[in-house]
file start31.cif (mmCIF, C-alpha atoms)
data_work
#
loop_
_atom_site.label_atom_id
_atom_site.label_comp_id
_atom_site.auth_asym_id
_atom_site.auth_seq_id
_atom_site.Cartn_x
_atom_site.Cartn_y
_atom_site.Cartn_z
CA MET X 19 95.58 340.62 242.96
CA ASP X 20 94.73 336.95 243.39
CA VAL X 21 92.03 335.30 241.31
CA ASN X 22 89.74 334.55 244.25
CA THR X 23 89.59 338.18 245.38
CA SER X 24 88.97 339.25 241.80
CA ARG X 25 86.10 336.77 241.58
CA GLU X 26 84.64 338.07 244.85
CA LEU X 27 84.66 341.62 243.48
CA ALA X 28 82.94 340.39 240.32
CA ALA X 29 80.23 338.80 242.46
CA ILE X 30 79.65 342.12 244.23
CA ALA X 31 79.39 343.87 240.85
CA VAL X 32 76.84 341.30 239.67
CA GLU X 33 74.78 341.74 242.82
CA ALA X 34 74.71 345.52 242.34
CA ALA X 35 73.88 345.33 238.64
CA ARG X 36 71.09 342.82 239.07
CA ALA X 37 69.64 344.86 241.94
CA VAL X 38 68.51 347.54 239.48
CA GLY X 39 67.36 345.12 236.77
CA ASP X 40 63.72 345.04 237.84
CA ARG X 41 63.54 348.82 237.92
CA LEU X 42 64.99 349.15 234.44
CA ARG X 43 62.79 346.43 232.96
CA GLY X 44 59.74 348.00 234.57
CA ALA X 45 60.54 351.46 233.24
CA PHE X 46 61.55 350.28 229.76
CA ARG X 47 59.20 351.56 227.07
CA SER X 48 57.42 353.83 229.52
CA ARG X 49 58.81 356.85 227.62
CA PRO X 50 60.31 358.46 230.74
CA GLU X 51 60.91 362.18 230.89
CA VAL X 52 64.28 362.99 229.36
CA ARG X 53 66.60 365.76 230.39
CA THR X 54 69.96 366.57 228.85
CA LYS X 55 73.49 367.01 230.18
CA ARG X 56 76.17 368.23 227.78
CA ASP X 57 73.70 368.86 224.92
CA PHE X 58 70.52 367.41 223.45
CA HIS X 59 72.47 364.39 222.18
CA ASP X 60 73.33 363.44 225.79
CA PRO X 61 70.09 362.37 227.56
CA VAL X 62 69.51 361.38 231.17
CA THR X 63 66.40 360.10 232.96
CA GLU X 64 65.34 359.77 236.57
CA HIS X 65 66.09 356.06 236.26
CA ASP X 66 69.79 356.66 235.51
CA LYS X 67 70.17 358.62 238.74
CA ALA X 68 68.03 356.33 240.91
CA ALA X 69 69.75 353.20 239.63
CA GLU X 70 73.19 354.65 240.29
CA GLU X 71 72.26 355.59 243.86
CA HIS X 72 71.00 352.06 244.50
CA ILE X 73 74.20 350.60 243.07
CA ARG X 74 76.27 352.93 245.26
CA GLU X 75 74.40 351.78 248.36
CA ILE X 76 75.20 348.15 247.61
CA LEU X 77 78.86 348.80 246.79
CA ASP X 78 79.29 350.91 249.92
CA ARG X 79 77.78 348.13 252.04
CA ARG X 80 79.57 345.20 250.43
CA CYS X 81 82.92 346.91 249.87
CA PRO X 82 83.03 349.89 252.25
CA ASP X 83 86.68 350.90 251.78
CA SER X 84 86.37 351.88 248.15
CA VAL X 85 85.85 354.71 245.70
CA VAL X 86 82.75 354.77 243.50
CA VAL X 87 83.04 356.73 240.27
CA GLY X 88 79.63 357.03 238.63
CA GLU X 89 78.49 358.70 235.45
CA GLU X 90 75.74 360.59 237.23
CA GLY X 91 77.18 361.25 240.71
CA GLY X 92 80.91 361.59 240.12
CA SER X 93 83.54 360.23 242.51
CA ARG X 94 82.82 359.51 246.17
CA GLY X 95 84.67 357.63 248.90
CA GLU X 96 88.23 356.49 249.30
CA GLY X 97 90.02 353.18 249.46
CA GLU X 98 92.03 350.59 247.58
CA VAL X 99 89.23 349.51 245.23
CA SER X 100 87.77 351.89 242.65
CA TRP X 101 84.39 351.09 241.14
CA TYR X 102 83.35 352.51 237.76
CA VAL X 103 79.58 352.59 237.34
CA ASP X 104 77.35 353.36 234.39
CA PRO X 105 73.80 352.64 235.58
CA ILE X 106 72.35 352.78 232.06
CA ASP X 107 74.82 352.65 229.21
CA GLY X 108 72.69 353.43 226.20
CA THR X 109 70.27 355.86 227.84
CA ALA X 110 69.00 357.15 224.48
CA ASN X 111 67.97 353.60 223.55
CA PHE X 112 66.42 353.00 226.97
CA ALA X 113 64.43 356.22 226.84
CA ALA X 114 63.15 355.61 223.32
CA GLY X 115 62.32 351.93 223.84
CA LEU X 116 65.11 350.27 221.85
CA PRO X 117 66.31 347.09 223.62
CA PHE X 118 70.06 347.71 223.51
CA PHE X 119 71.26 349.12 226.81
CA CYS X 120 72.91 347.74 229.92
CA THR X 121 74.33 348.36 233.37
CA SER X 122 78.12 348.35 233.53
CA ILE X 123 80.16 348.04 236.74
CA ALA X 124 83.90 347.40 237.04
CA ALA X 125 86.41 347.23 239.88
CA ALA X 126 89.99 348.43 239.57
CA VAL X 127 92.92 348.06 241.95
CA ASP X 128 96.32 349.74 241.50
CA GLY X 129 95.39 350.96 238.05
CA GLU X 130 94.28 347.54 236.79
CA VAL X 131 90.73 346.49 235.99
CA VAL X 132 90.25 343.25 237.94
CA ALA X 133 86.51 342.51 237.81
CA GLY X 134 83.43 343.62 235.97
CA VAL X 135 79.91 342.96 234.83
CA VAL X 136 77.87 344.11 231.86
CA TYR X 137 74.24 343.26 232.52
CA ASP X 138 71.58 343.41 229.81
CA PRO X 139 68.29 343.55 231.75
CA VAL X 140 66.03 343.09 228.73
CA ARG X 141 67.60 339.79 227.68
CA ASP X 142 68.76 338.93 231.21
CA ASP X 143 72.25 338.38 229.82
CA GLU X 144 74.94 338.66 232.49
CA PHE X 145 78.47 339.09 231.13
CA THR X 146 81.06 338.78 233.89
CA ALA X 147 84.84 338.88 233.95
CA TRP X 148 87.54 338.52 236.55
CA LEU X 149 91.18 337.50 236.40
CA GLY X 150 90.12 333.89 235.88
CA GLY X 151 88.12 334.33 232.68
CA ALA X 152 85.02 335.76 231.01
CA PHE X 153 81.51 334.35 231.14
CA CYS X 154 77.97 334.90 229.88
CA ASN X 155 75.26 333.59 232.17
CA GLY X 156 77.85 331.46 233.93
CA GLU X 157 79.22 329.81 230.78
CA PRO X 158 82.75 330.58 229.54
CA ILE X 159 82.90 332.76 226.44
CA ARG X 160 85.59 333.05 223.81
CA SER X 161 86.16 336.09 221.64
CA SER X 162 86.57 334.53 218.23
CA GLY X 163 85.07 335.10 214.83
CA ALA X 164 85.99 336.73 211.53
CA ARG X 165 89.60 337.24 210.50
CA THR X 166 89.17 339.99 207.87
CA ASP X 167 87.00 343.05 207.32
CA ARG X 168 85.09 341.52 204.44
CA GLU X 169 83.82 338.73 206.73
CA ALA X 170 83.27 340.87 209.83
CA MET X 171 80.50 342.66 211.68
CA LEU X 172 81.52 346.13 212.91
CA LEU X 173 79.67 347.83 215.77
CA SER X 174 80.34 351.55 215.92
CA SER X 175 78.61 354.80 216.81
CA TYR X 176 81.17 356.70 214.76
CA PRO X 177 80.78 359.38 213.58
CA SER X 178 79.09 361.01 216.54
CA PRO X 179 77.84 364.59 216.40
CA ARG X 180 81.08 365.66 218.11
CA ASP X 181 83.14 363.77 215.53
CA LEU X 182 81.27 365.54 212.74
CA GLY X 183 81.76 368.89 214.45
CA TRP X 184 85.49 368.40 214.95
CA GLU X 185 86.45 366.45 211.81
CA GLY X 186 83.88 367.64 209.30
CA ASP X 187 83.91 365.79 205.98
CA ALA X 188 86.93 363.73 207.09
CA ALA X 189 84.66 361.85 209.50
CA LEU X 190 82.22 361.04 206.71
CA HIS X 191 85.04 359.82 204.47
CA ARG X 192 86.37 357.57 207.25
CA PHE X 193 82.88 356.20 207.90
CA ALA X 194 82.49 355.52 204.18
CA ARG X 195 85.72 353.50 204.21
CA MET X 196 84.45 351.51 207.20
CA VAL X 197 81.07 350.77 205.59
CA GLY X 198 82.74 349.80 202.34
CA ALA X 199 85.29 347.51 203.97
CA PHE X 200 83.17 345.53 206.44
CA ALA X 201 80.60 342.89 205.60
CA SER X 202 78.13 344.65 207.93
CA THR X 203 78.23 347.85 209.97
CA ARG X 204 75.76 348.58 212.75
CA ARG X 205 75.22 351.54 215.11
CA PRO X 206 73.41 349.99 218.09
CA GLY X 207 74.55 352.35 220.88
CA SER X 208 75.98 351.33 224.30
CA ALA X 209 79.75 350.94 224.24
CA ALA X 210 79.69 348.46 227.13
CA LEU X 211 77.21 346.13 225.46
CA LYS X 212 79.05 346.34 222.14
CA LEU X 213 82.23 345.22 223.91
CA ALA X 214 80.36 342.39 225.62
CA HIS X 215 79.17 341.17 222.23
CA VAL X 216 82.71 341.22 220.87
CA ALA X 217 83.84 339.29 223.95
CA ALA X 218 81.16 336.67 223.25
CA GLY X 219 82.03 336.50 219.54
CA TRP X 220 78.61 337.81 218.52
CA ALA X 221 80.26 340.71 216.70
CA ASP X 222 83.83 341.03 215.46
CA VAL X 223 84.94 344.64 215.91
CA ALA X 224 83.76 347.55 218.07
CA TYR X 225 84.95 351.12 217.69
CA GLY X 226 83.96 354.29 219.50
CA THR X 227 85.08 357.79 220.39
CA HIS X 228 84.50 360.14 223.34
CA VAL X 229 83.93 357.49 225.99
CA ASN X 230 84.69 357.61 229.72
CA ALA X 231 86.01 354.94 232.08
CA TRP X 232 82.54 353.95 233.29
CA ASP X 233 81.57 353.15 229.68
CA VAL X 234 84.38 350.73 228.90
CA THR X 235 86.22 349.39 231.96
CA ALA X 236 84.03 346.31 232.41
CA GLY X 237 83.84 345.69 228.67
CA SER X 238 87.59 346.00 228.24
CA LEU X 239 88.17 343.26 230.81
CA LEU X 240 85.54 341.06 229.20
CA VAL X 241 87.23 341.33 225.81
CA GLY X 242 90.70 340.71 227.19
CA GLN X 243 89.73 337.78 229.42
CA ALA X 244 87.80 336.21 226.54
CA GLY X 245 90.89 336.29 224.33
CA GLY X 246 90.08 339.35 222.25
CA VAL X 247 91.99 342.60 221.81
CA TYR X 248 91.07 345.89 223.45
CA ILE X 249 92.95 349.09 222.59
CA PRO X 250 92.35 352.31 224.56
CA LEU X 251 93.02 354.96 221.94
CA SER X 252 93.68 357.55 224.67
CA GLY X 253 96.47 355.36 226.07
CA SER X 254 94.51 354.23 229.14
CA VAL X 255 91.12 352.68 229.74
CA PHE X 256 90.71 355.21 232.58
CA ALA X 257 91.29 358.28 230.38
CA PRO X 258 88.50 359.78 228.25
CA GLY X 259 88.90 359.04 224.57
CA GLY X 260 88.26 356.36 222.03
CA TYR X 261 88.53 352.59 221.93
CA LEU X 262 88.93 349.78 219.43
CA ALA X 263 88.25 346.12 220.15
CA CYS X 264 88.28 342.99 218.05
CA VAL X 265 87.94 339.26 218.41
CA GLY X 266 91.04 337.14 218.80
CA GLY X 267 92.71 336.26 215.51
CA PHE X 268 91.30 339.25 213.64
CA ASP X 269 93.75 340.77 211.13
CA LEU X 270 93.83 344.25 212.60
CA ALA X 271 96.98 345.24 210.70
CA GLY X 272 95.19 344.49 207.43
CA SER X 273 91.95 346.18 208.48
CA VAL X 274 90.66 349.60 207.51
CA MET X 275 90.59 350.21 211.29
CA ALA X 276 94.39 350.10 211.40
CA GLU X 277 94.34 353.83 210.63
CA VAL X 278 92.96 354.64 214.10
CA VAL X 279 95.48 352.49 216.01
CA PRO X 280 98.11 354.60 217.79
CA ALA X 281 101.60 354.47 216.28
CA GLY X 282 103.82 351.97 218.02
CA TRP X 283 100.95 350.01 219.53
CA ASP X 284 101.70 346.32 219.91
CA ALA X 285 99.33 343.67 221.22
#
call {"tool": "encode", "arguments": {"input": "start31.cif", "output": "structure tokens"}}
result
Amino acid sequence: MDVNTSRELAAIAVEAARAVGDRLRGAFRSRPEVRTKRDFHDPVTEHDKAAEEHIREILDRRCPDSVVVGEEGGSRGEGEVSWYVDPIDGTANFAAGLPFFCTSIAAAVDGEVVAGVVYDPVRDDEFTAWLGGAFCNGEPIRSSGARTDREAMLLSSYPSPRDLGWEGDAALHRFARMVGAFASTRRPGSAALKLAHVAAGWADVAYGTHVNAWDVTAGSLLVGQAGGVYIPLSGSVFAPGGYLACVGGFDLAGSVMAEVVPAGWDA
């Protein structure tokens, strides 16, 4: 795909993400009613569903021959372009009133992510990426920062309740190694926003498990276009699984996180 078309798709994604910004800001800290999906650790609100429907309407109008894959409404439509939409990534934070959530929208063509936006409505930070680069609020960003664990900030929601259920004490031991190795470890929630922060160089490493394409497609492009490293631990950004990302120049081979990198992986 040419750069100009990629940029046009990014502009559509931005339009759709910003279209729900007022709604999310207005509902933030209103303590909306929370329902659950998979279990009580997986919340959803009326705002997730309403925001996704609004985003779908815009994408259908601006790019009618496309597929929209949303966290709340599944896959609809057909066409060359596939959109991956998470209307509120970090719903638990949004519902509780913690200001770390975002809207994530990405476009993919022929199995390649070609455009995306991660929009933080609380801070009004707009992270965009297309095949010509990565930007925050219109300014180019570069994914650079620490080189070693002992200097680095790690963002990770590991271990999740599912990790603890499946791995038991092994998950706690791995988490202990991570906390001991990194200068700082934080669990802010929202995979997409964590990746955006790595792309901007505001954090150095992000790691997560049990994510879906709508969580990470936009963020993966941001990191890559900003010069960082994104590794889909499932083998594909479109397949459910884990992810690892780091700023450019980070010594991943010498990091405690090297133990999660698939054998044979090469940047």
call {"tool": "closest_residue", "arguments": {"input": "start31.cif", "among": "X:His191, X:Ala209, X:Ala164, X:Thr227", "to": "Val265 (chain X)", "atoms": "all atoms listed in the file"}}
result
X:Ala164
call {"tool": "residues_around", "arguments": {"input": "start31.cif", "residues": "region 94-109 of chain X", "least_positions_apart": "3", "cutoff": "6 Å", "atoms": "only C-alpha atoms", "output": "number ranges by chain"}}
result
X: 66, 69-70, 83-89, 112-113, 119-127, 207-208, 232
call {"tool": "atom_distance", "arguments": {"input": "start31.cif", "atom1": "CA of Met171 (chain X)", "atom2": "CA of Val247 (chain X)"}}
result
15.3 Å
call {"tool": "atom_distance", "arguments": {"input": "start31.cif", "atom1": "CA of Gly237 (chain X)", "atom2": "CA of Ala214 (chain X)"}}
result
5.7 Å
call {"tool": "closest_residue", "arguments": {"input": "start31.cif", "among": "X:Phe46, X:Ser238, X:His228, X:Phe145", "to": "Pro179 (chain X)", "atoms": "all atoms listed in the file"}}
result
X:His228
call {"tool": "resolve_selection", "arguments": {"input": "start31.cif", "expression": "the PyMOL selection byres ((chain X and resi 144) around 9)", "output": "list in words"}}
result
Val32, Arg36, Val135, Val136, Tyr137, Asp138, Pro139, Arg141, Asp142, Asp143, Phe145, Thr146, Phe153, Cys154, Asn155 and Gly156 of chain X
call {"tool": "residues_around", "arguments": {"input": "start31.cif", "residues": "Val62 (chain X)", "least_positions_apart": "4", "cutoff": "9 Å", "atoms": "all atoms listed in the file", "output": "VMD selection string"}}
result
chain X and resid 51 to 55 66 to 67 90 109 to 110 113
call {"tool": "residues_near_point", "arguments": {"input": "start31.cif", "point": "(79.8, 347.8, 218.5)", "cutoff": "8 Å", "atoms": "all atoms listed in the file", "output": "PyMOL selection string"}}
result
chain X and resi 172-175+204-209+211-213+215-216+221+223-226
call {"tool": "resolve_selection", "arguments": {"input": "start31.cif", "expression": "the PyMOL selection byres ((chain X and resi 270) around 12)", "output": "number ranges by chain"}}
result
X: 164-167, 170, 222-224, 246-249, 262-269, 271-279, 283-285
call {"tool": "atom_distance", "arguments": {"input": "start31.cif", "atom1": "CA of Val255 (chain X)", "atom2": "CA of Arg43 (chain X)"}}
result
29.2 Å
call {"tool": "resolve_selection", "arguments": {"input": "start31.cif", "expression": "the PyMOL selection byres ((chain X and resi 80) around 10)", "output": "PyMOL selection string"}}
result
chain X and resi 27+30-31+33-34+74-79+81-84
call {"tool": "closest_residue", "arguments": {"input": "start31.cif", "among": "X:Gly134, X:Gly186, X:Pro177, X:Pro158", "to": "Leu239 (chain X)", "atoms": "only C-alpha atoms"}}
result
X:Gly134
